[in-house]
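Undergrad: Structure file coords.cif, mmCIF, C-alpha atoms, is pasted below:
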```
data_start
#
loop_
_atom_site.group_PDB
_atom_site.id
_atom_site.type_symbol
_atom_site.label_atom_id
_atom_site.label_comp_id
_atom_site.auth_asym_id
_atom_site.auth_seq_id
_atom_site.Cartn_x
_atom_site.Cartn_y
_atom_site.Cartn_z
ATOM 1 C CA MET C 16 -195.029 81.119 -195.999
ATOM 2 C CA ALA C 17 -191.730 82.293 -197.583
ATOM 3 C CA LYS C 18 -190.610 80.547 -200.753
ATOM 4 C CA ALA C 19 -187.126 79.052 -200.801
ATOM 5 C CA PHE C 20 -184.629 77.877 -203.381
ATOM 6 C CA SER C 21 -181.442 75.920 -202.911
ATOM 7 C CA GLY C 22 -179.272 73.586 -204.942
ATOM 8 C CA ILE C 23 -176.643 70.904 -204.551
ATOM 9 C CA GLN C 24 -174.033 69.694 -207.017
ATOM 10 C CA PRO C 25 -174.085 66.058 -208.164
ATOM 11 C CA THR C 26 -170.389 65.592 -207.399
ATOM 12 C CA GLY C 27 -169.558 62.737 -205.061
ATOM 13 C CA GLU C 28 -171.856 61.153 -202.523
ATOM 14 C CA ILE C 29 -173.872 63.229 -200.065
ATOM 15 C CA HIS C 30 -172.469 63.129 -196.542
ATOM 16 C CA LEU C 31 -173.484 64.085 -193.022
ATOM 17 C CA GLY C 32 -171.942 67.538 -193.371
ATOM 18 C CA ASN C 33 -174.185 68.282 -196.361
ATOM 19 C CA TYR C 34 -177.201 67.069 -194.391
ATOM 20 C CA ILE C 35 -176.547 68.957 -191.146
ATOM 21 C CA GLY C 36 -175.143 72.102 -192.744
ATOM 22 C CA ALA C 37 -177.824 72.527 -195.377
ATOM 23 C CA LEU C 38 -180.210 69.726 -196.367
ATOM 24 C CA ARG C 39 -181.957 69.282 -193.027
ATOM 25 C CA ASN C 40 -182.929 72.961 -193.189
ATOM 26 C CA TRP C 41 -184.613 72.550 -196.568
ATOM 27 C CA LYS C 42 -188.362 72.452 -196.002
ATOM 28 C CA PRO C 43 -191.017 70.935 -198.292
ATOM 29 C CA GLU C 44 -192.923 74.199 -198.643
ATOM 30 C CA SER C 45 -195.329 74.928 -201.478
ATOM 31 C CA GLY C 46 -193.683 77.091 -204.119
ATOM 32 C CA SER C 47 -190.146 76.203 -203.021
ATOM 33 C CA TYR C 48 -187.599 74.626 -205.360
ATOM 34 C CA TYR C 49 -184.657 72.309 -204.700
ATOM 35 C CA CYS C 50 -182.347 71.812 -207.611
ATOM 36 C CA VAL C 51 -179.648 69.350 -208.628
ATOM 37 C CA VAL C 52 -177.258 71.907 -210.101
ATOM 38 C CA ASP C 53 -175.613 69.713 -212.724
ATOM 39 C CA LEU C 54 -174.458 72.701 -214.815
ATOM 40 C CA HIS C 55 -172.431 73.934 -211.828
ATOM 41 C CA SER C 56 -170.594 70.638 -211.610
ATOM 42 C CA MET C 57 -169.157 71.255 -215.109
ATOM 43 C CA THR C 58 -166.765 73.966 -213.880
ATOM 44 C CA MET C 59 -164.264 71.140 -213.249
ATOM 45 C CA PRO C 60 -163.507 68.121 -215.506
ATOM 46 C CA TRP C 61 -166.283 65.503 -215.402
ATOM 47 C CA ASP C 62 -167.062 61.998 -216.595
ATOM 48 C CA PRO C 63 -170.387 61.766 -218.517
ATOM 49 C CA ALA C 64 -171.457 58.400 -217.064
ATOM 50 C CA GLU C 65 -170.582 59.542 -213.549
ATOM 51 C CA MET C 66 -172.475 62.802 -214.080
ATOM 52 C CA LEU C 67 -175.654 60.929 -215.013
ATOM 53 C CA ARG C 68 -175.318 58.468 -212.139
ATOM 54 C CA ASN C 69 -174.592 61.167 -209.558
ATOM 55 C CA SER C 70 -177.437 63.386 -210.791
ATOM 56 C CA ARG C 71 -179.974 60.638 -210.255
ATOM 57 C CA SER C 72 -178.443 59.665 -206.890
ATOM 58 C CA THR C 73 -178.491 63.273 -205.666
ATOM 59 C CA ALA C 74 -182.124 63.619 -206.731
ATOM 60 C CA ALA C 75 -182.912 60.418 -204.810
ATOM 61 C CA HIS C 76 -181.442 61.949 -201.637
ATOM 62 C CA LEU C 77 -183.581 65.078 -202.017
ATOM 63 C CA LEU C 78 -186.692 63.012 -202.619
ATOM 64 C CA ALA C 79 -185.859 60.824 -199.598
ATOM 65 C CA LEU C 80 -185.931 64.004 -197.524
ATOM 66 C CA GLY C 81 -189.525 64.563 -198.675
ATOM 67 C CA LEU C 82 -188.721 67.579 -200.837
ATOM 68 C CA GLY C 83 -190.643 66.405 -203.903
ATOM 69 C CA GLU C 84 -194.048 67.475 -202.550
ATOM 70 C CA PRO C 85 -195.350 70.142 -202.179
ATOM 71 C CA SER C 86 -192.006 71.741 -203.091
ATOM 72 C CA ARG C 87 -190.258 70.646 -206.283
ATOM 73 C CA VAL C 88 -187.044 68.822 -207.150
ATOM 74 C CA PHE C 89 -185.572 69.198 -210.649
ATOM 75 C CA LEU C 90 -182.366 69.142 -212.687
ATOM 76 C CA GLN C 91 -180.932 72.565 -213.473
ATOM 77 C CA SER C 92 -179.941 71.600 -217.029
ATOM 78 C CA GLN C 93 -183.533 70.671 -217.897
ATOM 79 C CA VAL C 94 -184.764 74.245 -217.349
ATOM 80 C CA PRO C 95 -182.892 76.334 -219.969
ATOM 81 C CA GLU C 96 -183.972 79.642 -218.430
ATOM 82 C CA HIS C 97 -181.168 79.176 -215.870
ATOM 83 C CA ALA C 98 -178.428 79.359 -218.498
ATOM 84 C CA GLU C 99 -180.100 82.221 -220.387
ATOM 85 C CA LEU C 100 -180.550 84.432 -217.324
ATOM 86 C CA SER C 101 -176.981 83.603 -216.328
ATOM 87 C CA TRP C 102 -175.726 85.263 -219.527
ATOM 88 C CA ILE C 103 -177.775 88.395 -218.847
ATOM 89 C CA LEU C 104 -176.317 88.576 -215.333
ATOM 90 C CA THR C 105 -172.837 87.966 -216.771
ATOM 91 C CA CYS C 106 -173.269 91.222 -218.653
ATOM 92 C CA LEU C 107 -174.357 92.932 -215.431
ATOM 93 C CA GLY C 108 -171.711 91.463 -213.114
ATOM 94 C CA ARG C 109 -168.234 92.883 -212.570
ATOM 95 C CA MET C 110 -164.812 91.278 -212.794
ATOM 96 C CA GLY C 111 -163.833 92.592 -209.369
ATOM 97 C CA GLU C 112 -166.836 90.966 -207.699
ATOM 98 C CA LEU C 113 -166.109 87.576 -209.194
ATOM 99 C CA SER C 114 -162.379 87.703 -208.515
ATOM 100 C CA ARG C 115 -163.151 88.083 -204.796
ATOM 101 C CA MET C 116 -165.192 84.882 -204.637
ATOM 102 C CA THR C 117 -163.596 82.405 -202.235
ATOM 103 C CA GLN C 118 -163.962 79.376 -204.527
ATOM 104 C CA TYR C 119 -162.185 81.118 -207.398
ATOM 105 C CA LYS C 120 -159.401 82.411 -205.151
ATOM 106 C CA SER C 121 -158.774 78.945 -203.738
ATOM 107 C CA LYS C 122 -159.045 76.932 -206.977
ATOM 108 C CA GLY C 123 -158.336 79.159 -209.941
ATOM 109 C CA ARG C 124 -156.691 82.515 -209.296
ATOM 110 C CA GLY C 125 -153.424 82.886 -211.195
ATOM 111 C CA ARG C 126 -153.903 79.674 -213.179
ATOM 112 C CA GLN C 127 -154.285 79.654 -216.948
ATOM 113 C CA ASP C 128 -155.723 76.134 -217.239
ATOM 114 C CA VAL C 129 -158.988 76.600 -215.331
ATOM 115 C CA SER C 130 -162.314 76.997 -217.109
ATOM 116 C CA VAL C 131 -164.088 80.312 -217.526
ATOM 117 C CA GLY C 132 -166.998 78.600 -215.778
ATOM 118 C CA LEU C 133 -165.050 78.409 -212.514
ATOM 119 C CA PHE C 134 -164.751 82.199 -212.574
ATOM 120 C CA ALA C 135 -168.303 82.956 -213.733
ATOM 121 C CA TYR C 136 -170.394 80.288 -212.006
ATOM 122 C CA PRO C 137 -171.561 82.590 -209.157
ATOM 123 C CA LEU C 138 -173.603 84.388 -211.844
ATOM 124 C CA LEU C 139 -175.324 81.106 -212.736
ATOM 125 C CA MET C 140 -175.986 80.572 -209.041
ATOM 126 C CA ALA C 141 -177.569 84.028 -208.870
ATOM 127 C CA ALA C 142 -179.731 83.194 -211.883
ATOM 128 C CA ASP C 143 -180.867 79.974 -210.170
ATOM 129 C CA ILE C 144 -182.175 81.971 -207.231
ATOM 130 C CA LEU C 145 -183.576 85.054 -208.950
ATOM 131 C CA LEU C 146 -185.662 83.103 -211.482
ATOM 132 C CA TYR C 147 -188.117 82.008 -208.794
ATOM 133 C CA GLY C 148 -188.687 85.161 -206.772
ATOM 134 C CA VAL C 149 -187.699 83.399 -203.563
ATOM 135 C CA HIS C 150 -187.339 85.253 -200.289
ATOM 136 C CA GLU C 151 -184.978 82.848 -198.508
ATOM 137 C CA VAL C 152 -182.053 80.671 -199.583
ATOM 138 C CA PRO C 153 -181.139 77.969 -197.046
ATOM 139 C CA VAL C 154 -177.350 77.559 -197.283
ATOM 140 C CA GLY C 155 -174.301 76.646 -195.251
ATOM 141 C CA GLU C 156 -172.113 79.413 -193.850
ATOM 142 C CA ASP C 157 -169.612 78.914 -196.693
ATOM 143 C CA GLN C 158 -172.212 79.946 -199.304
ATOM 144 C CA LYS C 159 -173.203 83.234 -197.672
ATOM 145 C CA GLN C 160 -170.825 85.179 -199.948
ATOM 146 C CA HIS C 161 -172.694 83.941 -203.021
ATOM 147 C CA ILE C 162 -176.030 85.110 -201.625
ATOM 148 C CA GLU C 163 -174.540 88.532 -200.970
ATOM 149 C CA LEU C 164 -173.481 88.713 -204.634
ATOM 150 C CA THR C 165 -176.977 87.644 -205.694
ATOM 151 C CA ARG C 166 -178.480 90.412 -203.588
ATOM 152 C CA ASP C 167 -176.102 92.973 -205.127
ATOM 153 C CA LEU C 168 -177.010 91.867 -208.650
ATOM 154 C CA ALA C 169 -180.741 91.992 -207.923
ATOM 155 C CA LEU C 170 -180.491 95.470 -206.426
ATOM 156 C CA ARG C 171 -178.359 96.685 -209.344
ATOM 157 C CA PHE C 172 -180.778 95.293 -211.922
ATOM 158 C CA ASN C 173 -183.828 96.712 -210.145
ATOM 159 C CA SER C 174 -182.182 100.123 -209.864
ATOM 160 C CA ARG C 175 -181.397 100.243 -213.590
ATOM 161 C CA TYR C 176 -184.376 98.494 -215.166
ATOM 162 C CA GLY C 177 -187.217 98.461 -212.621
ATOM 163 C CA PRO C 178 -188.363 96.226 -209.752
ATOM 164 C CA VAL C 179 -188.222 92.812 -211.407
ATOM 165 C CA PHE C 180 -186.267 90.703 -208.908
ATOM 166 C CA THR C 181 -187.034 89.763 -205.312
ATOM 167 C CA VAL C 182 -183.964 90.412 -203.158
ATOM 168 C CA PRO C 183 -183.336 87.183 -201.203
ATOM 169 C CA GLU C 184 -181.987 86.567 -197.704
ATOM 170 C CA PRO C 185 -179.735 83.673 -196.647
ATOM 171 C CA ARG C 186 -181.129 81.208 -194.090
ATOM 172 C CA ILE C 187 -178.229 79.732 -192.125
ATOM 173 C CA SER C 188 -178.428 77.304 -189.213
ATOM 174 C CA GLU C 189 -176.495 78.526 -186.165
ATOM 175 C CA VAL C 190 -175.541 75.133 -184.725
ATOM 176 C CA GLY C 191 -173.957 72.511 -186.949
ATOM 177 C CA ALA C 192 -173.655 74.881 -189.897
ATOM 178 C CA ARG C 193 -170.078 73.694 -190.457
ATOM 179 C CA VAL C 194 -169.438 70.000 -189.819
ATOM 180 C CA LEU C 195 -165.758 69.105 -189.668
ATOM 181 C CA SER C 196 -163.801 66.127 -190.960
ATOM 182 C CA LEU C 197 -163.681 63.096 -188.655
ATOM 183 C CA ARG C 198 -159.988 62.629 -189.513
ATOM 184 C CA ASN C 199 -158.897 66.264 -189.449
ATOM 185 C CA PRO C 200 -161.183 68.435 -187.301
ATOM 186 C CA GLN C 201 -159.396 71.536 -188.543
ATOM 187 C CA GLU C 202 -160.997 71.085 -191.966
ATOM 188 C CA LYS C 203 -164.576 70.974 -193.222
ATOM 189 C CA MET C 204 -166.130 67.572 -193.988
ATOM 190 C CA SER C 205 -165.812 67.368 -197.754
ATOM 191 C CA LYS C 206 -167.030 65.258 -200.662
ATOM 192 C CA SER C 207 -163.607 65.589 -202.274
ATOM 193 C CA ASP C 208 -161.618 64.262 -199.309
ATOM 194 C CA PRO C 209 -160.032 60.994 -200.522
ATOM 195 C CA ASP C 210 -160.109 59.455 -197.015
ATOM 196 C CA PRO C 211 -163.449 57.602 -196.722
ATOM 197 C CA ASN C 212 -163.183 57.697 -192.924
ATOM 198 C CA SER C 213 -163.247 61.505 -192.933
ATOM 199 C CA LYS C 214 -166.962 61.623 -193.682
ATOM 200 C CA ILE C 215 -170.185 59.738 -193.000
ATOM 201 C CA LEU C 216 -172.215 59.116 -196.143
ATOM 202 C CA LEU C 217 -175.991 59.061 -195.946
ATOM 203 C CA THR C 218 -175.826 55.618 -197.593
ATOM 204 C CA ASP C 219 -173.363 54.184 -195.032
ATOM 205 C CA GLY C 220 -174.564 51.126 -193.100
ATOM 206 C CA ASP C 221 -174.964 51.155 -189.314
ATOM 207 C CA ASP C 222 -171.704 49.271 -188.686
ATOM 208 C CA VAL C 223 -169.746 51.552 -191.003
ATOM 209 C CA ILE C 224 -171.092 54.660 -189.268
ATOM 210 C CA ARG C 225 -170.224 53.296 -185.835
ATOM 211 C CA LYS C 226 -166.680 52.391 -186.910
ATOM 212 C CA LYS C 227 -166.063 55.826 -188.434
ATOM 213 C CA ILE C 228 -167.197 57.621 -185.284
ATOM 214 C CA MET C 229 -165.351 55.318 -182.876
ATOM 215 C CA THR C 230 -162.122 55.885 -184.824
ATOM 216 C CA ALA C 231 -162.653 59.629 -185.303
ATOM 217 C CA VAL C 232 -159.680 61.777 -184.332
ATOM 218 C CA THR C 233 -160.229 63.365 -180.933
ATOM 219 C CA ASP C 234 -158.099 65.379 -178.536
ATOM 220 C CA SER C 235 -155.758 64.890 -175.598
ATOM 221 C CA GLY C 236 -157.237 64.118 -172.188
ATOM 222 C CA ARG C 237 -160.444 62.215 -171.478
ATOM 223 C CA GLU C 238 -162.899 64.917 -170.387
ATOM 224 C CA VAL C 239 -165.795 65.730 -172.711
ATOM 225 C CA TYR C 240 -166.470 69.448 -173.002
ATOM 226 C CA TYR C 241 -167.140 71.995 -175.729
ATOM 227 C CA ASP C 242 -164.156 74.100 -176.761
ATOM 228 C CA PRO C 243 -163.591 74.322 -180.552
ATOM 229 C CA ASP C 244 -160.083 75.744 -180.092
ATOM 230 C CA GLU C 245 -158.759 73.348 -177.454
ATOM 231 C CA LYS C 246 -160.883 70.291 -178.321
ATOM 232 C CA PRO C 247 -161.917 70.569 -181.980
ATOM 233 C CA GLY C 248 -162.526 66.824 -182.437
ATOM 234 C CA ILE C 249 -164.755 66.418 -179.397
ATOM 235 C CA SER C 250 -166.493 69.736 -180.097
ATOM 236 C CA ASN C 251 -167.296 68.585 -183.641
ATOM 237 C CA LEU C 252 -168.840 65.346 -182.356
ATOM 238 C CA LEU C 253 -170.788 67.308 -179.728
ATOM 239 C CA GLU C 254 -172.262 69.586 -182.402
ATOM 240 C CA ILE C 255 -173.170 66.645 -184.630
ATOM 241 C CA ALA C 256 -174.898 64.750 -181.810
ATOM 242 C CA ALA C 257 -176.619 67.820 -180.381
ATOM 243 C CA THR C 258 -177.964 68.904 -183.761
ATOM 244 C CA LEU C 259 -179.280 65.465 -184.720
ATOM 245 C CA GLY C 260 -180.524 64.647 -181.226
ATOM 246 C CA GLY C 261 -182.237 67.973 -180.578
ATOM 247 C CA GLU C 262 -180.283 68.606 -177.388
ATOM 248 C CA ALA C 263 -178.202 71.556 -176.231
ATOM 249 C CA VAL C 264 -174.462 71.070 -176.666
ATOM 250 C CA GLU C 265 -173.885 72.075 -173.045
ATOM 251 C CA ASP C 266 -176.338 69.480 -171.695
ATOM 252 C CA LEU C 267 -174.828 66.703 -173.795
ATOM 253 C CA ALA C 268 -171.305 67.637 -172.740
ATOM 254 C CA ALA C 269 -172.272 67.732 -169.071
ATOM 255 C CA ARG C 270 -173.796 64.241 -169.232
ATOM 256 C CA TYR C 271 -170.634 62.673 -170.676
ATOM 257 C CA ARG C 272 -167.989 64.968 -169.188
ATOM 258 C CA ASP C 273 -166.359 62.338 -166.944
ATOM 259 C CA LYS C 274 -167.425 59.145 -168.738
ATOM 260 C CA GLY C 275 -164.513 59.020 -171.185
ATOM 261 C CA TYR C 276 -164.285 59.245 -174.952
ATOM 262 C CA GLY C 277 -165.375 55.647 -175.601
ATOM 263 C CA ALA C 278 -168.783 56.000 -173.950
ATOM 264 C CA PHE C 279 -169.285 59.414 -175.521
ATOM 265 C CA LYS C 280 -168.438 58.246 -179.032
ATOM 266 C CA GLY C 281 -170.749 55.258 -178.631
ATOM 267 C CA ALA C 282 -173.609 57.609 -177.773
ATOM 268 C CA VAL C 283 -172.798 59.836 -180.746
ATOM 269 C CA ALA C 284 -172.816 56.782 -183.028
ATOM 270 C CA ASP C 285 -176.271 55.761 -181.756
ATOM 271 C CA ILE C 286 -177.651 59.236 -182.471
ATOM 272 C CA VAL C 287 -176.148 59.415 -185.972
ATOM 273 C CA ILE C 288 -177.300 55.899 -186.881
ATOM 274 C CA GLY C 289 -180.830 56.716 -185.737
ATOM 275 C CA ALA C 290 -180.892 59.820 -187.943
ATOM 276 C CA VAL C 291 -179.267 58.314 -191.041
ATOM 277 C CA ARG C 292 -180.944 54.892 -191.190
ATOM 278 C CA PRO C 293 -184.413 55.990 -192.434
ATOM 279 C CA LEU C 294 -182.845 58.278 -195.044
ATOM 280 C CA ARG C 295 -180.539 55.508 -196.259
ATOM 281 C CA GLU C 296 -183.390 53.032 -196.566
ATOM 282 C CA ARG C 297 -185.491 55.466 -198.593
ATOM 283 C CA VAL C 298 -182.574 56.473 -200.862
ATOM 284 C CA LEU C 299 -181.763 52.835 -201.651
ATOM 285 C CA GLU C 300 -185.445 52.158 -202.317
ATOM 286 C CA LEU C 301 -185.598 55.027 -204.806
ATOM 287 C CA LEU C 302 -182.365 54.044 -206.551
ATOM 288 C CA ALA C 303 -183.796 50.572 -207.053
ATOM 289 C CA SER C 304 -186.732 52.207 -208.873
ATOM 290 C CA PRO C 305 -185.236 54.953 -211.096
ATOM 291 C CA THR C 306 -188.573 55.466 -212.869
ATOM 292 C CA GLU C 307 -189.947 57.019 -209.669
ATOM 293 C CA ILE C 308 -186.993 59.416 -209.574
ATOM 294 C CA ASP C 309 -187.379 60.401 -213.224
ATOM 295 C CA GLU C 310 -191.116 60.987 -212.868
ATOM 296 C CA ALA C 311 -190.546 63.246 -209.863
ATOM 297 C CA LEU C 312 -187.874 65.179 -211.781
ATOM 298 C CA GLU C 313 -190.228 65.643 -214.717
ATOM 299 C CA ARG C 314 -192.930 67.042 -212.414
ATOM 300 C CA GLY C 315 -190.343 69.374 -210.920
ATOM 301 C CA ARG C 316 -189.093 70.446 -214.356
ATOM 302 C CA SER C 317 -192.599 71.240 -215.545
ATOM 303 C CA HIS C 318 -193.387 73.419 -212.507
ATOM 304 C CA ALA C 319 -189.980 75.121 -212.593
ATOM 305 C CA HIS C 320 -190.306 75.939 -216.307
ATOM 306 C CA ALA C 321 -193.823 77.313 -215.773
ATOM 307 C CA GLU C 322 -192.444 79.803 -213.238
ATOM 308 C CA ALA C 323 -189.009 80.496 -214.711
ATOM 309 C CA GLY C 324 -190.345 81.224 -218.216
ATOM 310 C CA PRO C 325 -192.524 84.209 -217.288
ATOM 311 C CA MET C 326 -189.807 85.584 -215.006
ATOM 312 C CA LEU C 327 -187.260 85.472 -217.815
ATOM 313 C CA ASP C 328 -189.771 87.184 -220.123
ATOM 314 C CA SER C 329 -190.137 89.974 -217.546
ATOM 315 C CA VAL C 330 -186.352 90.361 -217.448
ATOM 316 C CA LYS C 331 -186.162 90.527 -221.251
ATOM 317 C CA ARG C 332 -188.887 93.141 -221.499
ATOM 318 C CA ALA C 333 -187.184 95.245 -218.828
ATOM 319 C CA ILE C 334 -183.825 95.290 -220.643
ATOM 320 C CA GLY C 335 -185.226 95.839 -224.129
ATOM 321 C CA LEU C 336 -185.197 92.348 -225.649
ATOM 322 C CA LEU C 337 -188.111 91.358 -227.859
ATOM 323 C CA VAL C 338 -190.314 88.686 -226.265
ATOM 324 C CA PRO C 339 -192.242 86.470 -228.736
#
```
Just give me the structure of the file as structure tokens.

TA:
Amino acid sequence: MAKAFSGIQPTGEIHLGNYIGALRNWKPESGSYYCVVDLHSMTMPWDPAEMLRNSRSTAAHLLALGLGEPSRVFLQSQVPEHAELSWILTCLGRMGELSRMTQYKSKGRGRQDVSVGLFAYPLLMAADILLYGVHEVPVGEDQKQHIELTRDLALRFNSRYGPVFTVPEPRISEVGARVLSLRNPQEKMSKSDPDPNSKILLTDGDDVIRKKIMTAVTDSGREVYYDPDEKPGISNLLEIAATLGGEAVEDLAARYRDKGYGAFKGAVADIVIGAVRPLRERVLELLASPTEIDEALERGRSHAHAEAGPMLDSVKRAIGLLVP
């Protein structure tokens, strides 16, 4: 079975878009690693207390998904090989490659007050992946560009210094890979959106979820059908419900086509509540017992270090650094 690696930043609370677009595709496979990428979250200003709280909460969500066994969950900052390999890749990467990254173009290009980390963090992301020799990286569509850079770096390194790195492939879900805001279905559902009604958190209660869906922005008319251009709001709800309910979008749309938006939204709410409730209950249970979270993170750290250390040694030998 192919090994996988993926990570999520501990910035803000995890929402339904994170779950459908990425987390539900993460599988608890032996030899796979799922990382709370706390170093990545430092590319923008952060609050230390909030960082600690969010790191533990994010880990609780991953553990609630069952990713702690037989795969491993750990904090990126607790495995120093990530930062060290990142520097080596920084010396291998090119300014042009990084300047084309979408995140940098949207947040930092032309500004003098942004951190160097915002420009260089794709190299840390590449280090995260390449340390573990994984074959697949389950990501949302918006992260595909970063995997392409990782592949380029691995191929460049292997061409210059020998076949050290596995060249990974992205694993992207076709349906539901991009969940849109409930308040503005032209935009992606986002942790940073200040409107709490734009997103469904995995810790939201049943009543809160139902209210958010029933008040979600929809489109003119009353017919339910799938057309992302003409009916982006309804199409977004159709994709959410179809993905979580395991039903084809076309079948779901046909069943509610002439029943009006109210009945359709009520059905979507039932599906979402049924999917979120067990995750919420497990997350809250873990957060009430932080020792269980910390013990799982320590197990993950130990396994990650045991694999990342020898890989970094292989990299050092290949490029002419002395290995103790």

Undergrad: For Asp285 of chain C, which residue out of C:Arg186, C:Asp221, C:Ala323, C:Ser86 is the nearest one, using only C-alpha atoms?

TA: C:Asp221

Undergrad: Which residues match the PyMOL selection byres ((chain C and resi 24-29) around 8) in the file above, as a PyMOL selection string?

TA: chain C and resi 22-23+30-31+33-34+51-53+55-56+66+69-70+72-73+76+206-207+216-217

Undergrad: Counting all atoms listed in the file, what is within 7 Å of segment 288-293 of chain C, bar same-chain residues fewer than 2 positions away, as a ChimeraX atom specification?

TA: /C:217,221,224,259,284-286,295-297

Undergrad: Taking the file as I've supplied it (selection: the PyMOL selection byres ((chain C and resi 268) around 8)), which residues are included? Please answer as a PyMOL selection string.

TA: chain C and resi 239-241+253+264-267+269-272

Undergrad: Work out how far atom CA of Thr233 of chain C is from atom CA of Lys246 of chain C, in Å to one decimal.

TA: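 Pair atom CA of Lys246 of chain C / atom CA of Thr233 of chain C returns 7.4 Å.
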
Undergrad: Starting from 6 Å padding per side, set up an axis-aligned box that covers all listed atoms of segment 239-257 of chain C and hand over centre and edge lengths in Å, one decimal, as JSON.

TA:
```
{"center_x": -167.7, "center_y": 70.2, "center_z": -178.7, "size_x": 29.9, "size_y": 23.0, "size_z": 23.9}
```

Undergrad: Between C:Val88, C:Val154, C:Leu113, C:Leu336, which one has atoms that come closest to Arg71 of chain C, using all atoms listed in the file?

TA: C:Val88

Undergrad: Have a look at atom CA of Lys42 of chain C and atom CA of Asp222 of chain C and let me know their distance in Å, one decimal.

TA: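 Going from atom CA of Lys42 of chain C over to atom CA of Asp222 of chain C covers 29.5 Å.
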
Undergrad: In Å, with one decimal, what is the gap from atom CA of Leu80 of chain C to atom CA of Ile215 of chain C?

TA: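 Calculated distance between atom CA of Leu80 of chain C and atom CA of Ile215 of chain C is 16.9 Å.
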
Undergrad: I'd like the neighbourhood of Asp328 of chain C as a list in words, where a residue qualifies if any of its atoms comes within 10 Å (using only C-alpha atoms), though same-chain residues fewer than 6 positions away should be ignored.

TA: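 Here the qualifying residues turn out to be Glu96, Leu336, Leu337, Val338 and Pro339 of chain C.
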
Undergrad: Written as a ChimeraX atom specification, what is the full residue list that the PyMOL selection byres ((chain C and resi 316) around 9) yields on the file shown?

TA: /C:87-91,93-94,311-315,317-321

Undergrad: Check the smallest atom-to-atom distance from each of C:Leu107, C:Val283, C:Ala256, C:Met116 to Arg171 of chain C using only C-alpha atoms, then report the winner.

TA: C:Leu107

Undergrad: Which one is closest to Tyr48 of chain C: C:His150, C:Lys18, C:Lys122, C:Lys274? Count all atoms listed in the file.

TA: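 Result for the nearest residue to Tyr48 of chain C: C:Lys18.
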
Undergrad: Which residue, C:Glu300, C:Asp242, C:Glu151, C:Glu202, has the smallest gap to Glu254 of chain C when you use only C-alpha atoms?

TA: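 Under the stated criterion, the closest residue is C:Asp242.
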
Undergrad: Using all atoms listed in the file, which of C:Thr306, C:Ser174, C:Thr165, C:Asn212 sits nearest Leu138 of chain C?

TA: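 Of the candidates, the smallest distance to Leu138 of chain C is held by C:Thr165.
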
Undergrad: List the spatial neighbours of segment 158-162 of chain C as an mmCIF file with C-alpha atoms, in the frame of the given file - criterion: any atom at most 12 Å away, only C-alpha atoms, same-chain residues fewer than 6 positions off excluded.

TA:
```
data_model
loop_
_atom_site.group_PDB
_atom_site.id
_atom_site.type_symbol
_atom_site.label_atom_id
_atom_site.label_comp_id
_atom_site.auth_asym_id
_atom_site.auth_seq_id
_atom_site.Cartn_x
_atom_site.Cartn_y
_atom_site.Cartn_z
ATOM 1 C CA PHE C 20 -184.629 77.877 -203.381
ATOM 2 C CA SER C 21 -181.442 75.920 -202.911
ATOM 3 C CA GLY C 22 -179.272 73.586 -204.942
ATOM 4 C CA ILE C 23 -176.643 70.904 -204.551
ATOM 5 C CA GLY C 36 -175.143 72.102 -192.744
ATOM 6 C CA ALA C 37 -177.824 72.527 -195.377
ATOM 7 C CA GLU C 112 -166.836 90.966 -207.699
ATOM 8 C CA LEU C 113 -166.109 87.576 -209.194
ATOM 9 C CA ARG C 115 -163.151 88.083 -204.796
ATOM 10 C CA MET C 116 -165.192 84.882 -204.637
ATOM 11 C CA THR C 117 -163.596 82.405 -202.235
ATOM 12 C CA GLN C 118 -163.962 79.376 -204.527
ATOM 13 C CA TYR C 119 -162.185 81.118 -207.398
ATOM 14 C CA ALA C 135 -168.303 82.956 -213.733
ATOM 15 C CA TYR C 136 -170.394 80.288 -212.006
ATOM 16 C CA PRO C 137 -171.561 82.590 -209.157
ATOM 17 C CA LEU C 138 -173.603 84.388 -211.844
ATOM 18 C CA LEU C 139 -175.324 81.106 -212.736
ATOM 19 C CA MET C 140 -175.986 80.572 -209.041
ATOM 20 C CA ALA C 141 -177.569 84.028 -208.870
ATOM 21 C CA ALA C 142 -179.731 83.194 -211.883
ATOM 22 C CA ASP C 143 -180.867 79.974 -210.170
ATOM 23 C CA ILE C 144 -182.175 81.971 -207.231
ATOM 24 C CA LEU C 145 -183.576 85.054 -208.950
ATOM 25 C CA VAL C 149 -187.699 83.399 -203.563
ATOM 26 C CA HIS C 150 -187.339 85.253 -200.289
ATOM 27 C CA GLU C 151 -184.978 82.848 -198.508
ATOM 28 C CA VAL C 152 -182.053 80.671 -199.583
ATOM 29 C CA LEU C 168 -177.010 91.867 -208.650
ATOM 30 C CA ALA C 169 -180.741 91.992 -207.923
ATOM 31 C CA VAL C 182 -183.964 90.412 -203.158
ATOM 32 C CA PRO C 183 -183.336 87.183 -201.203
ATOM 33 C CA GLU C 184 -181.987 86.567 -197.704
ATOM 34 C CA PRO C 185 -179.735 83.673 -196.647
ATOM 35 C CA ARG C 186 -181.129 81.208 -194.090
ATOM 36 C CA ILE C 187 -178.229 79.732 -192.125
ATOM 37 C CA SER C 188 -178.428 77.304 -189.213
ATOM 38 C CA ALA C 192 -173.655 74.881 -189.897
ATOM 39 C CA ARG C 193 -170.078 73.694 -190.457
#
```
